[in-house]
$ cat upload.txt   # compact mmCIF, C-alpha atoms and all ligand atoms
# COMPACT_ATOMS: atom_id res chain seq x y z
CA MET A 1 33.77 45.83 21.04
CA LYS A 2 30.32 45.34 22.52
CA ASN A 3 28.99 41.83 23.09
CA TYR A 4 25.54 40.91 21.76
CA GLN A 5 25.63 37.15 22.36
CA ARG A 6 22.53 36.96 24.52
CA SER A 7 20.53 39.08 22.07
CA SER A 8 21.55 36.72 19.27
CA ALA A 9 20.63 33.66 21.30
CA LEU A 10 17.25 35.19 22.17
CA PHE A 11 16.72 36.05 18.50
CA ALA A 12 17.39 32.44 17.50
CA ALA A 13 14.81 31.25 20.02
CA ALA A 14 12.27 33.89 18.99
CA GLN A 15 12.50 32.84 15.35
CA GLN A 16 11.28 29.35 16.28
CA VAL A 17 7.90 30.64 17.41
CA ILE A 18 7.47 34.17 16.00
CA PRO A 19 7.70 34.90 12.25
CA GLY A 20 11.11 36.47 11.70
CA GLY A 21 11.54 36.52 15.49
CA VAL A 22 9.77 39.87 15.80
CA ASN A 23 6.28 41.24 16.19
CA SER A 24 6.91 44.11 13.82
CA PRO A 25 9.17 43.68 10.77
CA VAL A 26 11.26 46.82 11.05
CA ARG A 27 12.70 45.50 14.35
CA ALA A 28 14.36 42.58 12.54
CA PHE A 29 17.33 44.64 11.26
CA LYS A 30 16.69 43.27 7.73
CA SER A 31 17.56 46.65 6.22
CA VAL A 32 20.89 46.98 8.05
CA GLY A 33 21.84 43.33 8.58
CA GLY A 34 22.85 41.55 11.77
CA ASP A 35 20.73 40.33 14.66
CA PRO A 36 18.36 42.71 16.44
CA ILE A 37 19.13 43.91 19.95
CA PHE A 38 16.91 42.50 22.71
CA VAL A 39 16.11 45.08 25.39
CA LYS A 40 15.96 44.12 29.06
CA GLN A 41 14.82 47.49 30.40
CA ALA A 42 14.98 51.22 29.75
CA LYS A 43 15.04 54.43 31.79
CA GLY A 44 15.09 58.03 30.55
CA ALA A 45 17.20 58.25 27.39
CA TYR A 46 18.87 54.87 27.86
CA LEU A 47 18.21 51.30 26.81
CA TYR A 48 19.82 48.42 28.69
CA ASP A 49 20.08 45.35 26.48
CA GLU A 50 20.23 41.69 27.44
CA ASP A 51 24.03 41.72 27.23
CA GLY A 52 24.34 44.57 29.70
CA ASN A 53 25.13 47.24 27.11
CA ARG A 54 23.80 50.75 27.74
CA LEU A 55 22.59 52.45 24.56
CA ILE A 56 21.50 56.05 24.06
CA ASP A 57 18.08 55.65 22.46
CA TYR A 58 17.10 57.75 19.43
CA ILE A 59 14.04 55.65 18.56
CA ASN A 60 12.13 55.68 21.85
CA SER A 61 9.71 52.96 20.77
CA TRP A 62 9.25 54.80 17.43
CA GLY A 63 8.04 57.98 19.10
CA PRO A 64 5.96 57.45 22.27
CA MET A 65 8.73 58.05 24.82
CA VAL A 66 8.95 61.77 24.17
CA LEU A 67 9.68 62.31 27.89
CA GLY A 68 11.93 59.28 28.25
CA HIS A 69 11.47 55.64 29.17
CA ALA A 70 9.74 54.64 32.43
CA TYR A 71 8.64 58.25 32.98
CA GLU A 72 7.54 58.38 36.62
CA PRO A 73 4.11 60.05 36.29
CA VAL A 74 3.17 57.55 33.56
CA VAL A 75 4.49 54.54 35.50
CA ASP A 76 2.74 55.61 38.70
CA ALA A 77 -0.55 56.21 36.87
CA VAL A 78 -0.43 52.76 35.25
CA ILE A 79 0.43 50.98 38.51
CA GLU A 80 -2.43 52.67 40.40
CA LYS A 81 -4.94 52.04 37.59
CA THR A 82 -3.92 48.37 37.23
CA LYS A 83 -4.93 47.69 40.84
CA LEU A 84 -8.51 48.75 39.96
CA GLY A 85 -8.80 46.47 36.93
CA THR A 86 -7.40 46.94 33.45
CA SER A 87 -10.39 46.77 31.10
CA PHE A 88 -14.15 46.42 31.45
CA GLY A 89 -15.61 46.83 27.97
CA MET A 90 -17.79 49.49 29.55
CA PRO A 91 -17.44 53.30 29.60
CA THR A 92 -15.19 54.83 32.26
CA GLU A 93 -14.69 58.42 33.39
CA ILE A 94 -11.01 58.50 32.45
CA GLU A 95 -11.91 58.17 28.73
CA THR A 96 -13.87 61.41 28.97
CA THR A 97 -11.07 63.10 30.89
CA ILE A 98 -8.38 62.33 28.30
CA ALA A 99 -10.79 63.13 25.45
CA GLU A 100 -11.56 66.55 26.97
CA LEU A 101 -7.81 67.23 27.33
CA ALA A 102 -7.01 66.15 23.75
CA VAL A 103 -9.87 68.28 22.37
CA ALA A 104 -8.57 71.24 24.38
CA MET A 105 -4.99 70.76 23.09
CA VAL A 106 -5.65 70.08 19.38
CA PRO A 107 -7.20 72.66 17.02
CA ASN A 108 -10.27 72.00 14.83
CA ILE A 109 -11.55 68.90 16.63
CA ASP A 110 -14.80 68.60 18.61
CA LYS A 111 -14.78 64.86 19.26
CA ILE A 112 -12.20 62.06 19.41
CA ARG A 113 -12.53 58.26 19.21
CA PHE A 114 -9.85 56.11 20.84
CA VAL A 115 -8.60 52.89 19.25
CA ASN A 116 -5.56 50.65 19.84
CA SER A 117 -2.99 51.61 17.22
CA GLY A 118 -2.09 54.18 14.61
CA THR A 119 -3.13 51.69 11.93
CA GLU A 120 -6.61 51.44 13.42
CA ALA A 121 -6.82 55.22 13.69
CA CYS A 122 -5.89 55.81 10.03
CA MET A 123 -8.00 52.90 8.74
CA SER A 124 -11.03 54.20 10.64
CA ALA A 125 -10.41 57.80 9.54
CA VAL A 126 -10.47 56.75 5.88
CA ARG A 127 -13.66 54.71 6.38
CA LEU A 128 -15.24 57.74 8.07
CA ALA A 129 -14.16 60.02 5.20
CA ARG A 130 -15.64 57.59 2.66
CA GLY A 131 -18.86 57.32 4.66
CA PHE A 132 -19.16 61.08 5.15
CA THR A 133 -18.47 61.99 1.49
CA GLY A 134 -20.07 58.94 -0.16
CA LYS A 135 -16.96 58.59 -2.34
CA ASP A 136 -14.57 55.62 -2.62
CA LYS A 137 -11.14 56.77 -3.75
CA ILE A 138 -8.32 58.07 -1.57
CA ILE A 139 -5.06 59.84 -2.35
CA LYS A 140 -1.94 58.91 -0.40
CA PHE A 141 1.69 59.83 -1.06
CA ALA A 142 4.49 57.49 -2.11
CA GLY A 143 6.69 56.87 0.92
CA CYS A 144 4.08 57.84 3.49
CA TYR A 145 3.08 55.10 5.92
CA HIS A 146 -0.31 55.06 7.64
CA GLY A 147 -0.11 51.58 9.14
CA HIS A 148 -0.64 48.17 7.59
CA SER A 149 -4.31 48.41 6.60
CA ASP A 150 -4.78 47.13 3.02
CA ALA A 151 -5.67 50.50 1.54
CA PHE A 152 -2.35 51.97 2.64
CA LEU A 153 0.09 49.26 1.56
CA ILE A 154 0.57 50.90 -1.81
CA GLN A 155 4.12 52.27 -2.03
CA ALA A 156 4.06 52.62 1.74
CA GLY A 157 7.06 53.89 3.65
CA SER A 158 8.71 52.64 6.82
CA GLY A 159 9.23 48.88 6.99
CA ALA A 160 7.20 48.23 3.84
CA VAL A 161 9.89 49.95 1.74
CA THR A 162 12.74 47.90 3.08
CA PHE A 163 10.95 44.69 2.14
CA GLY A 164 10.98 45.53 -1.53
CA HIS A 165 7.34 44.75 -2.22
CA PRO A 166 5.60 48.10 -1.81
CA ASN A 167 2.32 46.50 -2.84
CA SER A 168 2.17 43.77 -0.22
CA PRO A 169 0.81 40.38 -1.38
CA GLY A 170 -2.64 39.95 0.06
CA VAL A 171 -3.76 43.43 -0.94
CA THR A 172 -6.36 42.86 -3.66
CA ALA A 173 -6.46 44.68 -6.97
CA GLY A 174 -9.95 45.79 -5.97
CA THR A 175 -8.55 47.54 -2.93
CA ALA A 176 -5.51 48.95 -4.69
CA LYS A 177 -7.59 50.58 -7.46
CA ASP A 178 -9.16 52.95 -4.94
CA THR A 179 -5.81 54.11 -3.58
CA LEU A 180 -4.27 56.76 -5.83
CA LEU A 181 -0.62 57.62 -5.41
CA ALA A 182 0.74 61.19 -5.44
CA ARG A 183 4.25 62.51 -4.92
CA TYR A 184 5.12 64.24 -1.65
CA ASN A 185 5.82 67.98 -1.99
CA ASP A 186 4.37 67.93 -5.52
CA LEU A 187 0.97 69.66 -5.79
CA ASP A 188 0.81 69.09 -9.56
CA SER A 189 0.78 65.33 -8.97
CA VAL A 190 -2.28 65.82 -6.75
CA ARG A 191 -4.00 68.13 -9.25
CA GLU A 192 -3.52 65.53 -12.01
CA ILE A 193 -5.08 62.77 -9.92
CA ILE A 194 -8.05 64.92 -8.92
CA ALA A 195 -8.63 65.95 -12.56
CA ALA A 196 -8.57 62.29 -13.64
CA ASN A 197 -10.98 61.21 -10.86
CA THR A 198 -13.40 64.11 -10.64
CA GLY A 199 -16.03 63.66 -7.98
CA GLU A 200 -14.68 60.26 -6.89
CA ILE A 201 -12.15 61.17 -4.18
CA ALA A 202 -13.19 60.98 -0.53
CA CYS A 203 -9.96 62.15 1.06
CA VAL A 204 -6.32 62.95 0.86
CA ILE A 205 -4.34 61.34 3.70
CA ILE A 206 -0.88 62.67 4.41
CA GLU A 207 1.84 62.73 7.04
CA PRO A 208 2.00 66.55 7.33
CA VAL A 209 5.66 66.13 8.23
CA ALA A 210 6.71 62.84 6.68
CA GLY A 211 8.64 60.46 8.91
CA ASN A 212 8.51 57.15 7.05
CA MET A 213 10.94 57.88 4.26
CA GLY A 214 13.26 59.54 6.70
CA CYS A 215 12.05 62.94 7.92
CA ILE A 216 10.74 65.06 5.04
CA PRO A 217 9.24 68.45 5.97
CA PRO A 218 6.54 69.90 3.69
CA ARG A 219 7.82 72.54 1.27
CA THR A 220 6.41 76.02 1.93
CA GLY A 221 2.98 76.19 0.35
CA PHE A 222 2.57 72.43 -0.12
CA LEU A 223 0.12 71.78 2.72
CA GLU A 224 -1.60 75.12 2.11
CA GLY A 225 -2.07 74.08 -1.53
CA LEU A 226 -3.47 70.71 -0.44
CA ARG A 227 -5.95 72.48 1.84
CA GLU A 228 -7.07 74.68 -1.07
CA LEU A 229 -7.46 71.75 -3.48
CA CYS A 230 -9.48 69.81 -0.90
CA ASP A 231 -11.77 72.80 -0.27
CA THR A 232 -12.27 73.40 -4.00
CA HIS A 233 -13.06 69.77 -4.79
CA LYS A 234 -14.93 68.89 -1.56
CA ILE A 235 -12.32 66.34 -0.52
CA LEU A 236 -11.53 65.74 3.16
CA LEU A 237 -7.95 66.38 4.25
CA ILE A 238 -6.68 63.82 6.77
CA PHE A 239 -3.52 64.70 8.71
CA ASP A 240 -1.91 61.49 9.91
CA GLU A 241 -0.31 62.86 13.09
CA VAL A 242 0.51 59.48 14.58
CA MET A 243 4.16 60.61 14.65
CA THR A 244 3.84 64.40 14.82
CA GLY A 245 0.88 64.65 17.22
CA PHE A 246 1.82 65.84 20.73
CA ARG A 247 5.49 65.77 19.56
CA LEU A 248 5.99 68.80 17.30
CA ALA A 249 3.62 70.95 19.37
CA ALA A 250 0.83 70.41 21.88
CA GLY A 251 -1.60 70.85 18.98
CA GLY A 252 0.58 69.02 16.48
CA VAL A 253 1.25 70.26 12.96
CA GLN A 254 -2.13 72.01 12.76
CA GLU A 255 -0.91 74.31 15.52
CA LEU A 256 2.73 74.45 14.41
CA LEU A 257 2.01 75.38 10.77
CA GLY A 258 -1.48 76.87 11.18
CA ILE A 259 -3.12 74.57 8.63
CA ARG A 260 -6.56 73.03 9.25
CA ALA A 261 -7.17 69.32 8.67
CA ASP A 262 -10.66 67.82 8.47
CA ILE A 263 -9.70 64.62 10.33
CA VAL A 264 -6.58 64.07 12.44
CA THR A 265 -5.19 60.72 13.52
CA PHE A 266 -2.98 60.02 16.52
CA GLY A 267 -0.89 57.23 18.01
CA LYS A 268 2.43 56.78 19.82
CA VAL A 269 2.70 59.75 22.26
CA ILE A 270 -1.07 59.81 22.97
CA GLY A 271 -0.72 56.38 24.62
CA GLY A 272 2.38 57.17 26.69
CA GLY A 273 3.85 53.84 25.55
CA LEU A 274 0.68 51.76 25.86
CA PRO A 275 -1.40 50.73 22.82
CA VAL A 276 -3.51 53.78 21.98
CA GLY A 277 -4.49 55.35 18.68
CA ALA A 278 -7.20 57.93 18.03
CA PHE A 279 -8.92 59.88 15.31
CA ALA A 280 -10.73 63.19 15.69
CA ALA A 281 -12.68 65.77 13.71
CA ARG A 282 -15.38 68.42 13.95
CA ASN A 283 -18.87 67.38 15.06
CA GLU A 284 -20.49 67.15 11.60
CA ILE A 285 -17.94 64.48 10.60
CA MET A 286 -17.66 62.58 13.90
CA GLU A 287 -21.44 62.33 14.17
CA TYR A 288 -21.34 59.95 11.17
CA LEU A 289 -19.65 57.41 13.46
CA ALA A 290 -21.50 54.54 15.17
CA PRO A 291 -23.43 54.47 17.43
CA LEU A 292 -24.53 58.01 16.37
CA GLY A 293 -24.20 57.53 12.63
CA PRO A 294 -23.89 54.77 10.00
CA VAL A 295 -20.07 54.39 9.79
CA TYR A 296 -19.16 51.38 11.91
CA GLN A 297 -15.98 51.17 13.98
CA ALA A 298 -15.38 49.26 17.21
CA GLY A 299 -12.79 47.66 19.51
CA THR A 300 -12.83 45.45 22.60
CA LEU A 301 -9.94 47.24 24.26
CA SER A 302 -10.52 50.69 22.80
CA GLY A 303 -10.27 53.29 25.58
CA ASN A 304 -9.34 50.71 28.20
CA PRO A 305 -8.58 52.44 31.50
CA LEU A 306 -5.00 51.17 31.73
CA ALA A 307 -3.95 52.65 28.38
CA MET A 308 -5.98 55.77 29.09
CA ALA A 309 -4.14 56.22 32.39
CA ALA A 310 -0.78 56.17 30.58
CA GLY A 311 -2.01 58.50 27.86
CA LEU A 312 -3.64 60.91 30.29
CA ALA A 313 -0.48 61.15 32.40
CA MET A 314 1.56 61.85 29.26
CA LEU A 315 -0.79 64.47 27.79
CA THR A 316 -1.16 66.15 31.18
CA GLU A 317 2.62 66.54 31.45
CA LEU A 318 2.84 67.98 27.93
CA HIS A 319 -0.12 70.30 28.53
CA ASN A 320 1.29 71.61 31.82
CA LYS A 321 4.88 71.96 30.57
CA PRO A 322 4.69 73.48 27.03
CA GLU A 323 8.35 74.43 27.38
CA ILE A 324 9.12 70.76 26.66
CA PHE A 325 8.42 71.30 22.95
CA LYS A 326 10.97 74.12 22.79
CA SER A 327 13.50 72.03 24.69
CA LEU A 328 12.98 69.12 22.28
CA GLU A 329 13.50 71.41 19.28
CA GLU A 330 16.64 73.02 20.75
CA LYS A 331 18.22 69.65 21.57
CA THR A 332 17.45 68.36 18.08
CA LYS A 333 18.90 71.51 16.49
CA TYR A 334 22.07 71.09 18.59
CA LEU A 335 22.36 67.46 17.47
CA HIS A 336 21.70 68.47 13.85
CA GLN A 337 24.48 71.06 13.88
CA GLY A 338 26.90 68.70 15.61
CA ILE A 339 26.32 65.82 13.19
CA ALA A 340 26.42 68.07 10.11
CA THR A 341 29.67 69.76 11.14
CA THR A 342 31.28 66.41 11.94
CA LEU A 343 30.26 64.66 8.72
CA GLU A 344 31.32 67.71 6.68
CA LYS A 345 34.71 67.69 8.45
CA HIS A 346 35.24 64.12 7.24
CA GLY A 347 33.94 64.84 3.75
CA VAL A 348 30.98 62.46 4.08
CA ILE A 349 28.31 63.21 1.45
CA HIS A 350 25.04 63.57 3.34
CA THR A 351 21.97 65.67 3.89
CA ILE A 352 20.09 66.09 7.15
CA ASN A 353 16.36 66.79 7.28
CA ARG A 354 14.80 68.16 10.44
CA LEU A 355 11.64 69.74 11.72
CA GLY A 356 11.18 70.19 15.46
CA SER A 357 12.32 67.00 17.18
CA MET A 358 12.14 64.85 14.04
CA ILE A 359 15.44 64.40 12.25
CA SER A 360 17.02 62.01 9.75
CA VAL A 361 20.48 61.60 8.19
CA HIS A 362 20.54 60.71 4.48
CA PHE A 363 23.72 59.64 2.69
CA ALA A 364 22.38 61.20 -0.49
CA PRO A 365 24.04 63.87 -2.62
CA ASP A 366 20.91 65.96 -3.24
CA ALA A 367 18.04 67.36 -1.19
CA VAL A 368 15.65 64.68 0.08
CA VAL A 369 12.15 66.01 -0.62
CA ASP A 370 10.13 62.92 -1.53
CA PHE A 371 10.28 59.12 -1.66
CA GLU A 372 12.27 59.04 -4.90
CA SER A 373 15.04 61.32 -3.60
CA SER A 374 15.04 59.51 -0.26
CA ALA A 375 15.63 56.23 -2.10
CA GLN A 376 18.77 57.77 -3.67
CA GLY A 377 20.47 57.45 -0.29
CA ASN A 378 23.46 55.08 -0.18
CA ASN A 379 22.19 52.19 1.92
CA GLU A 380 25.62 50.57 2.22
CA THR A 381 26.92 53.75 3.86
CA PHE A 382 23.82 53.85 6.06
CA LYS A 383 24.42 50.26 7.19
CA LYS A 384 28.00 51.08 8.16
CA PHE A 385 26.80 54.22 9.95
CA PHE A 386 24.11 52.30 11.84
CA HIS A 387 26.43 49.54 13.04
CA GLY A 388 29.25 51.96 13.77
CA MET A 389 26.97 54.06 15.96
CA LEU A 390 25.66 50.92 17.66
CA ALA A 391 29.23 49.88 18.46
CA GLN A 392 29.65 53.31 20.06
CA GLY A 393 26.54 52.73 22.20
CA ILE A 394 24.15 54.85 20.14
CA TYR A 395 20.89 53.30 18.90
CA ILE A 396 19.43 54.96 15.81
CA ALA A 397 16.71 53.69 13.45
CA PRO A 398 17.69 50.36 11.81
CA SER A 399 16.54 51.71 8.45
CA ALA A 400 17.28 54.73 6.27
CA PHE A 401 13.53 55.11 5.77
CA GLU A 402 12.85 56.10 9.35
CA THR A 403 13.13 59.23 11.47
CA TRP A 404 15.05 59.61 14.70
CA PHE A 405 12.78 60.44 17.64
CA ILE A 406 14.32 62.78 20.22
CA THR A 407 13.33 62.46 23.87
CA ASP A 408 13.51 65.34 26.33
CA ALA A 409 15.30 62.94 28.69
CA LEU A 410 18.44 63.41 26.55
CA THR A 411 21.02 65.68 28.18
CA TYR A 412 23.47 67.84 26.26
CA ALA A 413 26.16 65.45 27.51
CA ASP A 414 24.29 62.63 25.75
CA LEU A 415 24.14 64.75 22.60
CA ASP A 416 27.87 65.46 22.80
CA GLU A 417 28.54 61.73 23.29
CA THR A 418 26.45 61.07 20.17
CA ILE A 419 28.31 63.70 18.13
CA ALA A 420 31.64 62.26 19.32
CA ALA A 421 30.45 58.82 18.15
CA VAL A 422 29.67 60.30 14.73
CA ASN A 423 33.23 61.64 14.66
CA VAL A 424 34.60 58.11 15.14
CA VAL A 425 32.19 56.43 12.71
CA ALA A 426 32.54 59.09 9.98
CA GLN A 427 36.17 58.04 9.51
CA THR A 428 35.04 54.52 8.55
CA LEU A 429 32.46 55.59 5.96
P1 LIG A 501 0.93 51.67 14.40
O1 LIG A 501 -0.20 50.82 13.86
O2 LIG A 501 2.29 51.04 14.15
O3 LIG A 501 0.71 52.07 15.86
O4 LIG A 501 0.91 53.08 13.63
C1 LIG A 501 0.98 53.07 12.22
C2 LIG A 501 1.50 54.41 11.76
C3 LIG A 501 0.61 55.32 11.23
N1 LIG A 501 1.02 56.54 10.81
C4 LIG A 501 2.32 56.90 10.91
C5 LIG A 501 2.73 58.26 10.44
C6 LIG A 501 3.28 56.01 11.46
O5 LIG A 501 4.57 56.38 11.54
C7 LIG A 501 2.86 54.74 11.90
C8 LIG A 501 3.84 53.73 12.48
N2 LIG A 501 5.20 54.12 12.49
C9 LIG A 501 6.16 53.04 12.38
C10 LIG A 501 7.56 53.65 12.41
N3 LIG A 501 7.85 54.32 11.20
C11 LIG A 501 5.96 52.01 13.46
C12 LIG A 501 7.13 51.06 13.65
C13 LIG A 501 6.74 49.66 13.30
O6 LIG A 501 6.08 49.44 12.26
O7 LIG A 501 7.14 48.77 14.09

$ encode --input "upload.txt" --output "structure tokens"
Amino acid sequence: MKNYQRSSALFAAAQQVIPGGVNSPVRAFKSVGGDPIFVKQAKGAYLYDEDGNRLIDYINSWGPMVLGHAYEPVVDAVIEKTKLGTSFGMPTEIETTIAELAVAMVPNIDKIRFVNSGTEACMSAVRLARGFTGKDKIIKFAGCYHGHSDAFLIQAGSGAVTFGHPNSPGVTAGTAKDTLLARYNDLDSVREIIAANTGEIACVIIEPVAGNMGCIPPRTGFLEGLRELCDTHKILLIFDEVMTGFRLAAGGVQELLGIRADIVTFGKVIGGGLPVGAFAARNEIMEYLAPLGPVYQAGTLSGNPLAMAAGLAMLTELHNKPEIFKSLEEKTKYLHQGIATTLEKHGVIHTINRLGSMISVHFAPDAVVDFESSAQGNNETFKKFFHGMLAQGIYIAPSAFETWFITDALTYADLDETIAAVNVVAQTL
């Protein structure tokens, strides 16, 4: 039995000075129970916690570590850049260099603006869409999470779901009225909203492959239908690729599925593990952004050279080694098949959703295609699965409303160890 005493002691201390002992709620293990694990360090596919346990990591800081923790080229770039100063609040060449690379990698974007988180990227993208179209309302999808900006905390996914108050206190009725809620994979729900709000909708924002209600791929025709509706009704389509960007393909879901977004947002991988978000679009939209245009957006540390150095090293690796995306998909497929076969062998009712290197296990009897069906999952079984896997040295998402994030640092031996752990845990479910 693994020992987590030091993590628990550190958690007790943290709770004296940090709300809930964490700086982001989902880390608090509220959805699965027990004390969170405190990490001492990480390398490649492995976490080393404060009690000396080695864990195979399937979260990877919620996505950024697509090449593994402490990835040498990223670490070296950050160390070198730090010696020259970390932030100046003035333009630097490296911002142009990473912007040129991102624009070259991602379809349908001419310009990109860097910010400090996925939340900032999505919040700014919606403000830009409203400014560009002159309209106020937005459509989001139940279960999708675009960060903690007020406009998005309406039936948001991820941590917001597990806290049982989808409409977070503090979000005003005035804000909420402009956020209209559709159902993922259900074009009719979007048509109905558009018909009831003719000429008032600035944008539709969507996770093109949902990852915050577990992984939910778009049904064939769903995104294409959204594109068509947006074109017909002059609504901007925002792909929130904070999770999928630079993970599912070099050009993200736009490249993978061949569907054009009007604005794309990024986070996680684009920062190589440092705080970076970004949003991007064609010139006619981006030129509405200050200082060129009237839509204001700013940030003291936006584009700071230290974060840019990490992001540039990461994107350069992914650009120069496109085979990584295939490797990620093949490893995830191998894991998928191994887990499915093992759970079936033990008669565990489940469904596994996967697209590329995004995967989630749902202890639900039916297909998980939207928030409602994801919420049908048996959370008691999930809790047992989570803690059983942890006891076997495998760290998966501490919530059924999250996706596992595969890193290319995983070896097939790690995957086999994970599948063997499922075989042990399945017998306790
Ligand atoms: P951040 O502000 O956390 O960098 O990004 C917000 C965000 C935006 N869009 C999507 C699709 C996202 O998944 C996220 C953040 N993802 C969660 C994990 N589901 C972050 C984990 C956390 O909240 O601690």

$ residues_near_ligand --input "upload.txt" --ligand "ligand LIG 501 (chain A)" --cutoff "9 Å" --atoms "all atoms listed in the file" --output "ChimeraX atom specification"
/A:23-27,61-63,116-122,144-149,157-160,206-214,240-244,265-268,275-277,401-403

$ atom_distance --input "upload.txt" --atom1 "CA of Ser360 (chain A)" --atom2 "CA of Trp404 (chain A)"
5.8 Å

$ residues_around --input "upload.txt" --residues "region 346-352 of chain A" --least-positions-apart "4" --cutoff "7 Å" --atoms "only C-alpha atoms" --output "MDAnalysis selection string"
chainID A and resid 342 360:365 367 426:427

$ residues_around --input "upload.txt" --residues "Val264 (chain A)" --least-positions-apart "4" --cutoff "6 Å" --atoms "all atoms listed in the file" --output "JSON, numbers by chain"
{"A": [238, 239, 240, 279, 280]}

$ closest_residue --input "upload.txt" --among "A:Asp51, A:Leu10, A:Ala129, A:Gly34" --to "Leu289 (chain A)" --atoms "only C-alpha atoms"
A:Ala129
